[in-house]
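**Q** My structure is below; once you've seen it, I'll send some questions.
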Amino acid sequence: MEPLTPHVMHKLVFTILVHGLPDAQTNVAYEVLIEAQNNPNPQVRELAVVALAELPVPAPKRVAALSKGLRDTSSRVRRRAARALGDFGVQAIPAVPALITGLRDGDTSVRRDCAGTLGRLGPAAGPAVTWLVALLSEPETRSRVVAATALKRVGRAAVPALLDGLRVADPDVRDRCTRLLNHLAPDDDEVAGAIRAAAEDAARIDPGATTILPALAMAGG
């Protein structure tokens with residue numbers, strides 16, 4: 001098959017999104033879109049992701065194709081794929097490993113969108129908690145908020161990674177981990193003890209450190 005042009009792909013995407021396709025043509029369109037993911041033009045690959053997300057074929061086939069999009073050389077394609085996977089709910093669980101890889105992407109928006117999609121999976125995103133905690137050190141506030149929200153939605157499975165976060169050098173990250181722990185395990189005596197110990201260690205290292213103290217008070221310290 002000859003490489004598709006952006007103009008042809010625009011027409012195909014428009015047809016899928018607005019008019020739909022006859023059942024007899026759906027599988028053909030799927031094969032065309034899968035091939036389009038190898039097109040040298042990143043705009044074509046991005047349009048293929050948009051169309052694949054909406055094509056009426058079984059969700060597992062679309063999730064697999066979108067997972068491939070997370071490995072694309074274009075950050076725009078990776079971002080589109082991450083966002084699209086968020087609409088599949090629990091059917092996107094097979095994409096968790098690819099989304100975890102996306103949490104370490106060199107592009108800030110890709111990392112944030114992968115975190116957002118993992119958050120929509122709730123406890124099923126448990127394997128991602130270590131890398132979600134790492135995103136609490138992101139320089140951009142929006143990315144930190146998305147990571148924190150994802151950790152809240154994962155639930156108690158995030159507690160061990162957040163406890164590890166109490167030992168990092170950055171006091172702001174320790175404070176964020178403390179607040180999340182207070183949210184996820186407010187009545188856990190072991191968690192409260194770990195928060196107190198972290199605050200005491202921080203005070204020994206830096207007697208002027210105060211960022212963790214308000215959260216410590218919330219934990220009963």
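Here, A, B, ... name the chains of the structure tokens in the order displayed, residue numbers run from 1 inside each chain, and ligands are numbered from 1 in the same displayed order.
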Write out as a PyMOL selection string the residues lying within 10 Å of Val50 in chain A, counting only C-alpha atoms and excluding same-chain residues fewer than 5 positions away.
**A** chain A and resi 13-14+16-17+33+44-45+55+66+77+80-81+83-84
**Q** Those residues with N, CA and C atoms, as a PDB file, in the first residue's frame please?
**A**
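What follows is the written file result.pdb:
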ATOM      1  N   VAL A  13     -10.339  10.076   8.829  1.00  0.00           N
ATOM      2  CA  VAL A  13     -10.674  10.405  10.221  1.00  0.00           C
ATOM      3  C   VAL A  13     -12.019  11.109  10.296  1.00  0.00           C
ATOM      4  N   PHE A  14     -12.253  12.060   9.411  1.00  0.00           N
ATOM      5  CA  PHE A  14     -13.526  12.785   9.402  1.00  0.00           C
ATOM      6  C   PHE A  14     -14.696  11.819   9.187  1.00  0.00           C
ATOM      7  N   ILE A  16     -14.816   8.601   9.883  1.00  0.00           N
ATOM      8  CA  ILE A  16     -14.989   7.746  11.055  1.00  0.00           C
ATOM      9  C   ILE A  16     -15.662   8.516  12.190  1.00  0.00           C
ATOM     10  N   LEU A  17     -15.206   9.752  12.432  1.00  0.00           N
ATOM     11  CA  LEU A  17     -15.710  10.516  13.565  1.00  0.00           C
ATOM     12  C   LEU A  17     -17.119  11.053  13.342  1.00  0.00           C
ATOM     13  N   LEU A  33      -5.397   1.886   9.159  1.00  0.00           N
ATOM     14  CA  LEU A  33      -4.925   2.717  10.259  1.00  0.00           C
ATOM     15  C   LEU A  33      -3.721   2.103  10.961  1.00  0.00           C
ATOM     16  N   VAL A  44       0.302  12.089   9.934  1.00  0.00           N
ATOM     17  CA  VAL A  44      -0.502  10.927   9.555  1.00  0.00           C
ATOM     18  C   VAL A  44      -0.623   9.970  10.736  1.00  0.00           C
ATOM     19  N   ARG A  45       0.475   9.745  11.440  1.00  0.00           N
ATOM     20  CA  ARG A  45       0.449   8.829  12.584  1.00  0.00           C
ATOM     21  C   ARG A  45      -0.453   9.371  13.690  1.00  0.00           C
ATOM     22  N   LEU A  55     -12.722   4.033  16.209  1.00  0.00           N
ATOM     23  CA  LEU A  55     -13.156   3.016  15.242  1.00  0.00           C
ATOM     24  C   LEU A  55     -13.941   1.915  15.958  1.00  0.00           C
ATOM     25  N   LEU A  66      -3.202   1.658  20.323  1.00  0.00           N
ATOM     26  CA  LEU A  66      -2.876   2.896  21.015  1.00  0.00           C
ATOM     27  C   LEU A  66      -1.645   2.735  21.898  1.00  0.00           C
ATOM     28  N   VAL A  77       2.128  12.353  19.030  1.00  0.00           N
ATOM     29  CA  VAL A  77       1.456  11.059  18.865  1.00  0.00           C
ATOM     30  C   VAL A  77       1.369  10.351  20.208  1.00  0.00           C
ATOM     31  N   ARG A  80      -1.351  11.988  22.269  1.00  0.00           N
ATOM     32  CA  ARG A  80      -2.683  11.609  21.779  1.00  0.00           C
ATOM     33  C   ARG A  80      -3.044  10.202  22.242  1.00  0.00           C
ATOM     34  N   ALA A  81      -2.100   9.294  22.146  1.00  0.00           N
ATOM     35  CA  ALA A  81      -2.363   7.905  22.523  1.00  0.00           C
ATOM     36  C   ALA A  81      -2.664   7.793  24.013  1.00  0.00           C
ATOM     37  N   ARG A  83      -3.884  10.084  26.029  1.00  0.00           N
ATOM     38  CA  ARG A  83      -5.204  10.641  26.319  1.00  0.00           C
ATOM     39  C   ARG A  83      -6.324   9.709  25.861  1.00  0.00           C
ATOM     40  N   ALA A  84      -6.161   9.144  24.685  1.00  0.00           N
ATOM     41  CA  ALA A  84      -7.202   8.265  24.145  1.00  0.00           C
ATOM     42  C   ALA A  84      -7.402   7.044  25.025  1.00  0.00           C
TER      43      ALA A  84
END
**Q** Give me the residues near Val96 in chain A as a PDB file with N, CA and C atoms, in the first residue's frame, where near means some atom within 12 Å (using only C-alpha atoms) and where sequence neighbours in that chain fewer than 2 positions away do not count.
**A**
ATOM      1  N   VAL A  63      -6.885  -0.802  22.021  1.00  0.00           N
ATOM      2  CA  VAL A  63      -5.949  -0.552  23.115  1.00  0.00           C
ATOM      3  C   VAL A  63      -4.538  -0.976  22.710  1.00  0.00           C
ATOM      4  N   ALA A  64      -4.418  -2.110  22.031  1.00  0.00           N
ATOM      5  CA  ALA A  64      -3.101  -2.566  21.577  1.00  0.00           C
ATOM      6  C   ALA A  64      -2.492  -1.575  20.590  1.00  0.00           C
ATOM      7  N   LEU A  66      -3.202   1.658  20.323  1.00  0.00           N
ATOM      8  CA  LEU A  66      -2.876   2.896  21.015  1.00  0.00           C
ATOM      9  C   LEU A  66      -1.645   2.735  21.898  1.00  0.00           C
ATOM     10  N   SER A  67      -1.448   1.544  22.440  1.00  0.00           N
ATOM     11  CA  SER A  67      -0.236   1.278  23.225  1.00  0.00           C
ATOM     12  C   SER A  67       0.998   1.425  22.349  1.00  0.00           C
ATOM     13  N   LEU A  70       2.077   4.942  22.065  1.00  0.00           N
ATOM     14  CA  LEU A  70       2.854   5.463  23.184  1.00  0.00           C
ATOM     15  C   LEU A  70       4.354   5.331  22.951  1.00  0.00           C
ATOM     16  N   ALA A  82      -1.898   8.503  24.829  1.00  0.00           N
ATOM     17  CA  ALA A  82      -2.111   8.458  26.277  1.00  0.00           C
ATOM     18  C   ALA A  82      -3.497   8.977  26.637  1.00  0.00           C
ATOM     19  N   LEU A  85      -6.327   6.490  25.549  1.00  0.00           N
ATOM     20  CA  LEU A  85      -6.437   5.304  26.393  1.00  0.00           C
ATOM     21  C   LEU A  85      -7.239   5.592  27.658  1.00  0.00           C
ATOM     22  N   GLY A  86      -7.243   6.838  28.098  1.00  0.00           N
ATOM     23  CA  GLY A  86      -7.993   7.184  29.295  1.00  0.00           C
ATOM     24  C   GLY A  86      -9.490   7.007  29.153  1.00  0.00           C
ATOM     25  N   GLY A  89     -11.383   3.061  30.180  1.00  0.00           N
ATOM     26  CA  GLY A  89     -11.666   2.489  31.492  1.00  0.00           C
ATOM     27  C   GLY A  89     -10.838   1.244  31.752  1.00  0.00           C
ATOM     28  N   VAL A  90     -11.451   0.260  32.392  1.00  0.00           N
ATOM     29  CA  VAL A  90     -10.716  -0.950  32.762  1.00  0.00           C
ATOM     30  C   VAL A  90     -10.216  -1.714  31.539  1.00  0.00           C
ATOM     31  N   GLN A  91     -10.784  -1.449  30.380  1.00  0.00           N
ATOM     32  CA  GLN A  91     -10.317  -2.130  29.179  1.00  0.00           C
ATOM     33  C   GLN A  91      -8.906  -1.687  28.793  1.00  0.00           C
ATOM     34  N   ALA A  92      -8.428  -0.581  29.382  1.00  0.00           N
ATOM     35  CA  ALA A  92      -7.076  -0.100  29.103  1.00  0.00           C
ATOM     36  C   ALA A  92      -6.031  -0.715  30.023  1.00  0.00           C
ATOM     37  N   ILE A  93      -6.425  -1.592  30.929  1.00  0.00           N
ATOM     38  CA  ILE A  93      -5.472  -2.185  31.874  1.00  0.00           C
ATOM     39  C   ILE A  93      -4.287  -2.849  31.170  1.00  0.00           C
ATOM     40  N   PRO A  94      -4.459  -3.535  30.024  1.00  0.00           N
ATOM     41  CA  PRO A  94      -3.291  -4.103  29.352  1.00  0.00           C
ATOM     42  C   PRO A  94      -2.251  -3.064  28.930  1.00  0.00           C
ATOM     43  N   ALA A  98       2.922   0.102  29.268  1.00  0.00           N
ATOM     44  CA  ALA A  98       3.309   1.166  28.336  1.00  0.00           C
ATOM     45  C   ALA A  98       3.093   2.542  28.955  1.00  0.00           C
ATOM     46  N   LEU A  99       2.025   2.685  29.727  1.00  0.00           N
ATOM     47  CA  LEU A  99       1.763   3.957  30.395  1.00  0.00           C
ATOM     48  C   LEU A  99       2.814   4.240  31.468  1.00  0.00           C
ATOM     49  N   ILE A 100       3.272   3.208  32.159  1.00  0.00           N
ATOM     50  CA  ILE A 100       4.332   3.389  33.153  1.00  0.00           C
ATOM     51  C   ILE A 100       5.608   3.876  32.470  1.00  0.00           C
ATOM     52  N   THR A 101       5.926   3.302  31.333  1.00  0.00           N
ATOM     53  CA  THR A 101       7.072   3.787  30.567  1.00  0.00           C
ATOM     54  C   THR A 101       6.887   5.252  30.212  1.00  0.00           C
ATOM     55  N   GLY A 102       5.639   5.628  29.882  1.00  0.00           N
ATOM     56  CA  GLY A 102       5.346   7.013  29.548  1.00  0.00           C
ATOM     57  C   GLY A 102       5.551   7.977  30.703  1.00  0.00           C
ATOM     58  N   LEU A 103       5.493   7.487  31.937  1.00  0.00           N
ATOM     59  CA  LEU A 103       5.746   8.339  33.097  1.00  0.00           C
ATOM     60  C   LEU A 103       7.193   8.804  33.148  1.00  0.00           C
ATOM     61  N   CYS A 114      -0.016  10.467  30.694  1.00  0.00           N
ATOM     62  CA  CYS A 114       0.056   9.064  31.134  1.00  0.00           C
ATOM     63  C   CYS A 114      -0.381   8.948  32.586  1.00  0.00           C
ATOM     64  N   ALA A 115       0.040   9.882  33.422  1.00  0.00           N
ATOM     65  CA  ALA A 115      -0.377   9.869  34.826  1.00  0.00           C
ATOM     66  C   ALA A 115      -1.888  10.045  34.944  1.00  0.00           C
ATOM     67  N   GLY A 116      -2.453  10.929  34.135  1.00  0.00           N
ATOM     68  CA  GLY A 116      -3.891  11.141  34.170  1.00  0.00           C
ATOM     69  C   GLY A 116      -4.666   9.896  33.790  1.00  0.00           C
ATOM     70  N   THR A 117      -4.201   9.205  32.762  1.00  0.00           N
ATOM     71  CA  THR A 117      -4.878   7.981  32.337  1.00  0.00           C
ATOM     72  C   THR A 117      -4.740   6.887  33.392  1.00  0.00           C
ATOM     73  N   LEU A 118      -3.573   6.759  33.982  1.00  0.00           N
ATOM     74  CA  LEU A 118      -3.390   5.765  35.041  1.00  0.00           C
ATOM     75  C   LEU A 118      -4.314   6.070  36.216  1.00  0.00           C
ATOM     76  N   GLY A 119      -4.494   7.351  36.519  1.00  0.00           N
ATOM     77  CA  GLY A 119      -5.405   7.711  37.597  1.00  0.00           C
ATOM     78  C   GLY A 119      -6.822   7.268  37.322  1.00  0.00           C
ATOM     79  N   ARG A 120      -7.220   7.294  36.072  1.00  0.00           N
ATOM     80  CA  ARG A 120      -8.579   6.868  35.709  1.00  0.00           C
ATOM     81  C   ARG A 120      -8.761   5.360  35.858  1.00  0.00           C
ATOM     82  N   LEU A 121      -7.652   4.622  35.969  1.00  0.00           N
ATOM     83  CA  LEU A 121      -7.738   3.170  36.163  1.00  0.00           C
ATOM     84  C   LEU A 121      -7.846   2.795  37.634  1.00  0.00           C
ATOM     85  N   GLY A 122      -7.640   3.754  38.518  1.00  0.00           N
ATOM     86  CA  GLY A 122      -7.786   3.484  39.946  1.00  0.00           C
ATOM     87  C   GLY A 122      -6.814   2.447  40.456  1.00  0.00           C
ATOM     88  N   PRO A 123      -7.265   1.523  41.324  1.00  0.00           N
ATOM     89  CA  PRO A 123      -6.366   0.532  41.917  1.00  0.00           C
ATOM     90  C   PRO A 123      -5.619  -0.320  40.889  1.00  0.00           C
ATOM     91  N   ALA A 124      -6.158  -0.449  39.680  1.00  0.00           N
ATOM     92  CA  ALA A 124      -5.475  -1.245  38.656  1.00  0.00           C
ATOM     93  C   ALA A 124      -4.145  -0.630  38.245  1.00  0.00           C
ATOM     94  N   ALA A 125      -3.946   0.654  38.584  1.00  0.00           N
ATOM     95  CA  ALA A 125      -2.685   1.325  38.274  1.00  0.00           C
ATOM     96  C   ALA A 125      -1.665   1.166  39.388  1.00  0.00           C
ATOM     97  N   GLY A 126      -1.905   0.254  40.310  1.00  0.00           N
ATOM     98  CA  GLY A 126      -0.995   0.040  41.425  1.00  0.00           C
ATOM     99  C   GLY A 126       0.466  -0.148  41.027  1.00  0.00           C
ATOM    100  N   PRO A 127       0.763  -0.889  39.945  1.00  0.00           N
ATOM    101  CA  PRO A 127       2.167  -1.061  39.567  1.00  0.00           C
ATOM    102  C   PRO A 127       2.885   0.241  39.210  1.00  0.00           C
ATOM    103  N   ALA A 128       2.138   1.318  39.029  1.00  0.00           N
ATOM    104  CA  ALA A 128       2.747   2.587  38.594  1.00  0.00           C
ATOM    105  C   ALA A 128       3.105   3.512  39.750  1.00  0.00           C
ATOM    106  N   VAL A 129       2.821   3.115  40.999  1.00  0.00           N
ATOM    107  CA  VAL A 129       2.891   4.097  42.085  1.00  0.00           C
ATOM    108  C   VAL A 129       4.297   4.660  42.299  1.00  0.00           C
TER     109      VAL A 129
END
**Q** Would you compute the distance between CA of Ala36 in chain A and CA of Arg112 in chain A? Give it in Å to one decimal.
**A**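 According to the coordinates, CA of Ala36 in chain A and CA of Arg112 in chain A are separated by 25.8 Å.
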**Q** Name the residues of range 159-210 of chain A that come out as alpha helix (DSSP H) in a backbone DSSP run; write them as a PDB file with N, CA, C and O atoms, in the first residue's frame.
**A**
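What landed in selection.pdb:
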ATOM      1  N   VAL A 159       0.479   3.600  49.403  1.00  0.00           N
ATOM      2  CA  VAL A 159       1.089   3.961  50.685  1.00  0.00           C
ATOM      3  C   VAL A 159       2.570   3.581  50.767  1.00  0.00           C
ATOM      4  O   VAL A 159       3.398   4.412  51.172  1.00  0.00           O
ATOM      5  N   PRO A 160       2.993   2.350  50.426  1.00  0.00           N
ATOM      6  CA  PRO A 160       4.420   2.018  50.545  1.00  0.00           C
ATOM      7  C   PRO A 160       5.328   2.956  49.753  1.00  0.00           C
ATOM      8  O   PRO A 160       6.384   3.384  50.247  1.00  0.00           O
ATOM      9  N   ALA A 161       4.946   3.287  48.531  1.00  0.00           N
ATOM     10  CA  ALA A 161       5.765   4.188  47.721  1.00  0.00           C
ATOM     11  C   ALA A 161       5.795   5.591  48.319  1.00  0.00           C
ATOM     12  O   ALA A 161       6.821   6.286  48.266  1.00  0.00           O
ATOM     13  N   LEU A 162       4.681   6.027  48.881  1.00  0.00           N
ATOM     14  CA  LEU A 162       4.647   7.344  49.521  1.00  0.00           C
ATOM     15  C   LEU A 162       5.500   7.364  50.787  1.00  0.00           C
ATOM     16  O   LEU A 162       6.137   8.374  51.102  1.00  0.00           O
ATOM     17  N   LEU A 163       5.533   6.255  51.509  1.00  0.00           N
ATOM     18  CA  LEU A 163       6.419   6.169  52.675  1.00  0.00           C
ATOM     19  C   LEU A 163       7.876   6.280  52.247  1.00  0.00           C
ATOM     20  O   LEU A 163       8.684   6.932  52.920  1.00  0.00           O
ATOM     21  N   ASP A 164       8.212   5.665  51.123  1.00  0.00           N
ATOM     22  CA  ASP A 164       9.571   5.817  50.586  1.00  0.00           C
ATOM     23  C   ASP A 164       9.837   7.276  50.238  1.00  0.00           C
ATOM     24  O   ASP A 164      10.960   7.769  50.394  1.00  0.00           O
ATOM     25  N   GLY A 165       8.798   7.964  49.769  1.00  0.00           N
ATOM     26  CA  GLY A 165       8.949   9.362  49.418  1.00  0.00           C
ATOM     27  C   GLY A 165       9.268  10.261  50.603  1.00  0.00           C
ATOM     28  O   GLY A 165       9.784  11.366  50.424  1.00  0.00           O
ATOM     29  N   PRO A 171      12.507  18.625  50.490  1.00  0.00           N
ATOM     30  CA  PRO A 171      11.483  18.789  51.537  1.00  0.00           C
ATOM     31  C   PRO A 171      10.081  18.997  50.978  1.00  0.00           C
ATOM     32  O   PRO A 171       9.094  18.623  51.619  1.00  0.00           O
ATOM     33  N   ASP A 172       9.979  19.596  49.793  1.00  0.00           N
ATOM     34  CA  ASP A 172       8.655  19.799  49.206  1.00  0.00           C
ATOM     35  C   ASP A 172       8.020  18.466  48.827  1.00  0.00           C
ATOM     36  O   ASP A 172       6.809  18.266  49.006  1.00  0.00           O
ATOM     37  N   VAL A 173       8.825  17.550  48.304  1.00  0.00           N
ATOM     38  CA  VAL A 173       8.308  16.222  47.955  1.00  0.00           C
ATOM     39  C   VAL A 173       7.895  15.477  49.218  1.00  0.00           C
ATOM     40  O   VAL A 173       6.844  14.829  49.255  1.00  0.00           O
ATOM     41  N   ARG A 174       8.703  15.578  50.265  1.00  0.00           N
ATOM     42  CA  ARG A 174       8.338  14.930  51.533  1.00  0.00           C
ATOM     43  C   ARG A 174       7.003  15.463  52.041  1.00  0.00           C
ATOM     44  O   ARG A 174       6.156  14.701  52.529  1.00  0.00           O
ATOM     45  N   ASP A 175       6.822  16.760  51.917  1.00  0.00           N
ATOM     46  CA  ASP A 175       5.571  17.367  52.377  1.00  0.00           C
ATOM     47  C   ASP A 175       4.387  16.867  51.558  1.00  0.00           C
ATOM     48  O   ASP A 175       3.320  16.566  52.103  1.00  0.00           O
ATOM     49  N   ARG A 176       4.564  16.755  50.231  1.00  0.00           N
ATOM     50  CA  ARG A 176       3.480  16.259  49.372  1.00  0.00           C
ATOM     51  C   ARG A 176       3.150  14.800  49.713  1.00  0.00           C
ATOM     52  O   ARG A 176       1.972  14.420  49.741  1.00  0.00           O
ATOM     53  N   CYS A 177       4.179  14.014  49.947  1.00  0.00           N
ATOM     54  CA  CYS A 177       3.939  12.619  50.318  1.00  0.00           C
ATOM     55  C   CYS A 177       3.213  12.531  51.651  1.00  0.00           C
ATOM     56  O   CYS A 177       2.305  11.698  51.831  1.00  0.00           O
ATOM     57  N   THR A 178       3.582  13.389  52.577  1.00  0.00           N
ATOM     58  CA  THR A 178       2.931  13.399  53.887  1.00  0.00           C
ATOM     59  C   THR A 178       1.448  13.712  53.763  1.00  0.00           C
ATOM     60  O   THR A 178       0.594  13.048  54.371  1.00  0.00           O
ATOM     61  N   ARG A 179       1.125  14.707  52.975  1.00  0.00           N
ATOM     62  CA  ARG A 179      -0.272  15.086  52.812  1.00  0.00           C
ATOM     63  C   ARG A 179      -1.086  13.971  52.142  1.00  0.00           C
ATOM     64  O   ARG A 179      -2.240  13.721  52.516  1.00  0.00           O
ATOM     65  N   LEU A 180      -0.474  13.311  51.181  1.00  0.00           N
ATOM     66  CA  LEU A 180      -1.172  12.202  50.531  1.00  0.00           C
ATOM     67  C   LEU A 180      -1.361  11.031  51.493  1.00  0.00           C
ATOM     68  O   LEU A 180      -2.411  10.375  51.502  1.00  0.00           O
ATOM     69  N   LEU A 181      -0.358  10.771  52.321  1.00  0.00           N
ATOM     70  CA  LEU A 181      -0.486   9.699  53.312  1.00  0.00           C
ATOM     71  C   LEU A 181      -1.587  10.011  54.313  1.00  0.00           C
ATOM     72  O   LEU A 181      -2.359   9.123  54.707  1.00  0.00           O
ATOM     73  N   ASN A 182      -1.675  11.260  54.729  1.00  0.00           N
ATOM     74  CA  ASN A 182      -2.751  11.640  55.645  1.00  0.00           C
ATOM     75  C   ASN A 182      -4.116  11.460  55.004  1.00  0.00           C
ATOM     76  O   ASN A 182      -5.105  11.164  55.687  1.00  0.00           O
ATOM     77  N   HIS A 183      -4.179  11.640  53.698  1.00  0.00           N
ATOM     78  CA  HIS A 183      -5.449  11.462  52.985  1.00  0.00           C
ATOM     79  C   HIS A 183      -5.797   9.976  52.848  1.00  0.00           C
ATOM     80  O   HIS A 183      -6.963   9.587  53.033  1.00  0.00           O
ATOM     81  N   LEU A 184      -4.781   9.163  52.513  1.00  0.00           N
ATOM     82  CA  LEU A 184      -5.043   7.753  52.208  1.00  0.00           C
ATOM     83  C   LEU A 184      -5.106   6.867  53.447  1.00  0.00           C
ATOM     84  O   LEU A 184      -5.800   5.851  53.443  1.00  0.00           O
ATOM     85  N   ASP A 189      -1.623   3.957  62.469  1.00  0.00           N
ATOM     86  CA  ASP A 189      -0.608   4.356  63.443  1.00  0.00           C
ATOM     87  C   ASP A 189       0.802   4.212  62.883  1.00  0.00           C
ATOM     88  O   ASP A 189       1.694   5.024  63.200  1.00  0.00           O
ATOM     89  N   GLU A 190       1.041   3.198  62.057  1.00  0.00           N
ATOM     90  CA  GLU A 190       2.375   3.018  61.486  1.00  0.00           C
ATOM     91  C   GLU A 190       2.720   4.154  60.536  1.00  0.00           C
ATOM     92  O   GLU A 190       3.861   4.640  60.507  1.00  0.00           O
ATOM     93  N   VAL A 191       1.748   4.571  59.768  1.00  0.00           N
ATOM     94  CA  VAL A 191       1.969   5.697  58.860  1.00  0.00           C
ATOM     95  C   VAL A 191       2.246   6.965  59.659  1.00  0.00           C
ATOM     96  O   VAL A 191       3.166   7.732  59.345  1.00  0.00           O
ATOM     97  N   ALA A 192       1.453   7.197  60.692  1.00  0.00           N
ATOM     98  CA  ALA A 192       1.665   8.377  61.526  1.00  0.00           C
ATOM     99  C   ALA A 192       3.057   8.363  62.149  1.00  0.00           C
ATOM    100  O   ALA A 192       3.733   9.393  62.229  1.00  0.00           O
ATOM    101  N   GLY A 193       3.495   7.172  62.584  1.00  0.00           N
ATOM    102  CA  GLY A 193       4.833   7.047  63.156  1.00  0.00           C
ATOM    103  C   GLY A 193       5.923   7.347  62.137  1.00  0.00           C
ATOM    104  O   GLY A 193       6.926   7.995  62.445  1.00  0.00           O
ATOM    105  N   ALA A 194       5.722   6.883  60.917  1.00  0.00           N
ATOM    106  CA  ALA A 194       6.702   7.137  59.862  1.00  0.00           C
ATOM    107  C   ALA A 194       6.771   8.630  59.540  1.00  0.00           C
ATOM    108  O   ALA A 194       7.856   9.177  59.288  1.00  0.00           O
ATOM    109  N   ILE A 195       5.621   9.294  59.567  1.00  0.00           N
ATOM    110  CA  ILE A 195       5.605  10.741  59.311  1.00  0.00           C
ATOM    111  C   ILE A 195       6.348  11.484  60.413  1.00  0.00           C
ATOM    112  O   ILE A 195       7.148  12.394  60.150  1.00  0.00           O
ATOM    113  N   ARG A 196       6.131  11.094  61.661  1.00  0.00           N
ATOM    114  CA  ARG A 196       6.834  11.740  62.767  1.00  0.00           C
ATOM    115  C   ARG A 196       8.335  11.517  62.665  1.00  0.00           C
ATOM    116  O   ARG A 196       9.135  12.436  62.862  1.00  0.00           O
ATOM    117  N   ALA A 197       8.717  10.286  62.344  1.00  0.00           N
ATOM    118  CA  ALA A 197      10.144   9.974  62.230  1.00  0.00           C
ATOM    119  C   ALA A 197      10.790  10.780  61.103  1.00  0.00           C
ATOM    120  O   ALA A 197      11.910  11.282  61.246  1.00  0.00           O
ATOM    121  N   ALA A 198      10.069  10.917  59.994  1.00  0.00           N
ATOM    122  CA  ALA A 198      10.598  11.695  58.873  1.00  0.00           C
ATOM    123  C   ALA A 198      10.773  13.153  59.260  1.00  0.00           C
ATOM    124  O   ALA A 198      11.755  13.798  58.888  1.00  0.00           O
ATOM    125  N   ALA A 199       9.808  13.684  60.001  1.00  0.00           N
ATOM    126  CA  ALA A 199       9.898  15.079  60.440  1.00  0.00           C
ATOM    127  C   ALA A 199      11.079  15.276  61.380  1.00  0.00           C
ATOM    128  O   ALA A 199      11.798  16.275  61.299  1.00  0.00           O
ATOM    129  N   GLU A 200      11.288  14.304  62.287  1.00  0.00           N
ATOM    130  CA  GLU A 200      12.406  14.409  63.230  1.00  0.00           C
ATOM    131  C   GLU A 200      13.738  14.327  62.497  1.00  0.00           C
ATOM    132  O   GLU A 200      14.682  15.068  62.806  1.00  0.00           O
ATOM    133  N   ASP A 201      13.840  13.433  61.517  1.00  0.00           N
ATOM    134  CA  ASP A 201      15.068  13.320  60.730  1.00  0.00           C
ATOM    135  C   ASP A 201      15.338  14.615  59.977  1.00  0.00           C
ATOM    136  O   ASP A 201      16.474  15.088  59.912  1.00  0.00           O
ATOM    137  N   ALA A 202      14.273  15.178  59.391  1.00  0.00           N
ATOM    138  CA  ALA A 202      14.429  16.424  58.637  1.00  0.00           C
ATOM    139  C   ALA A 202      14.892  17.550  59.555  1.00  0.00           C
ATOM    140  O   ALA A 202      15.724  18.376  59.168  1.00  0.00           O
ATOM    141  N   ALA A 203      14.365  17.591  60.767  1.00  0.00           N
ATOM    142  CA  ALA A 203      14.747  18.639  61.712  1.00  0.00           C
ATOM    143  C   ALA A 203      16.203  18.497  62.142  1.00  0.00           C
ATOM    144  O   ALA A 203      16.894  19.500  62.350  1.00  0.00           O
ATOM    145  N   ARG A 204      16.688  17.240  62.261  1.00  0.00           N
ATOM    146  CA  ARG A 204      18.081  17.031  62.632  1.00  0.00           C
ATOM    147  C   ARG A 204      19.012  17.489  61.509  1.00  0.00           C
ATOM    148  O   ARG A 204      20.056  18.084  61.760  1.00  0.00           O
ATOM    149  N   ILE A 205      18.602  17.183  60.267  1.00  0.00           N
ATOM    150  CA  ILE A 205      19.431  17.554  59.121  1.00  0.00           C
ATOM    151  C   ILE A 205      19.397  19.056  58.886  1.00  0.00           C
ATOM    152  O   ILE A 205      20.408  19.696  58.609  1.00  0.00           O
TER     153      ILE A 205
END
**Q** Closest to Leu166 in chain A among A:Ala51, A:Val8, A:Gly69, A:Ala134, using only C-alpha atoms?
**A**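 Going through A:Ala51, A:Val8, A:Gly69, A:Ala134 one by one, the smallest distance to Leu166 in chain A is for A:Ala134.
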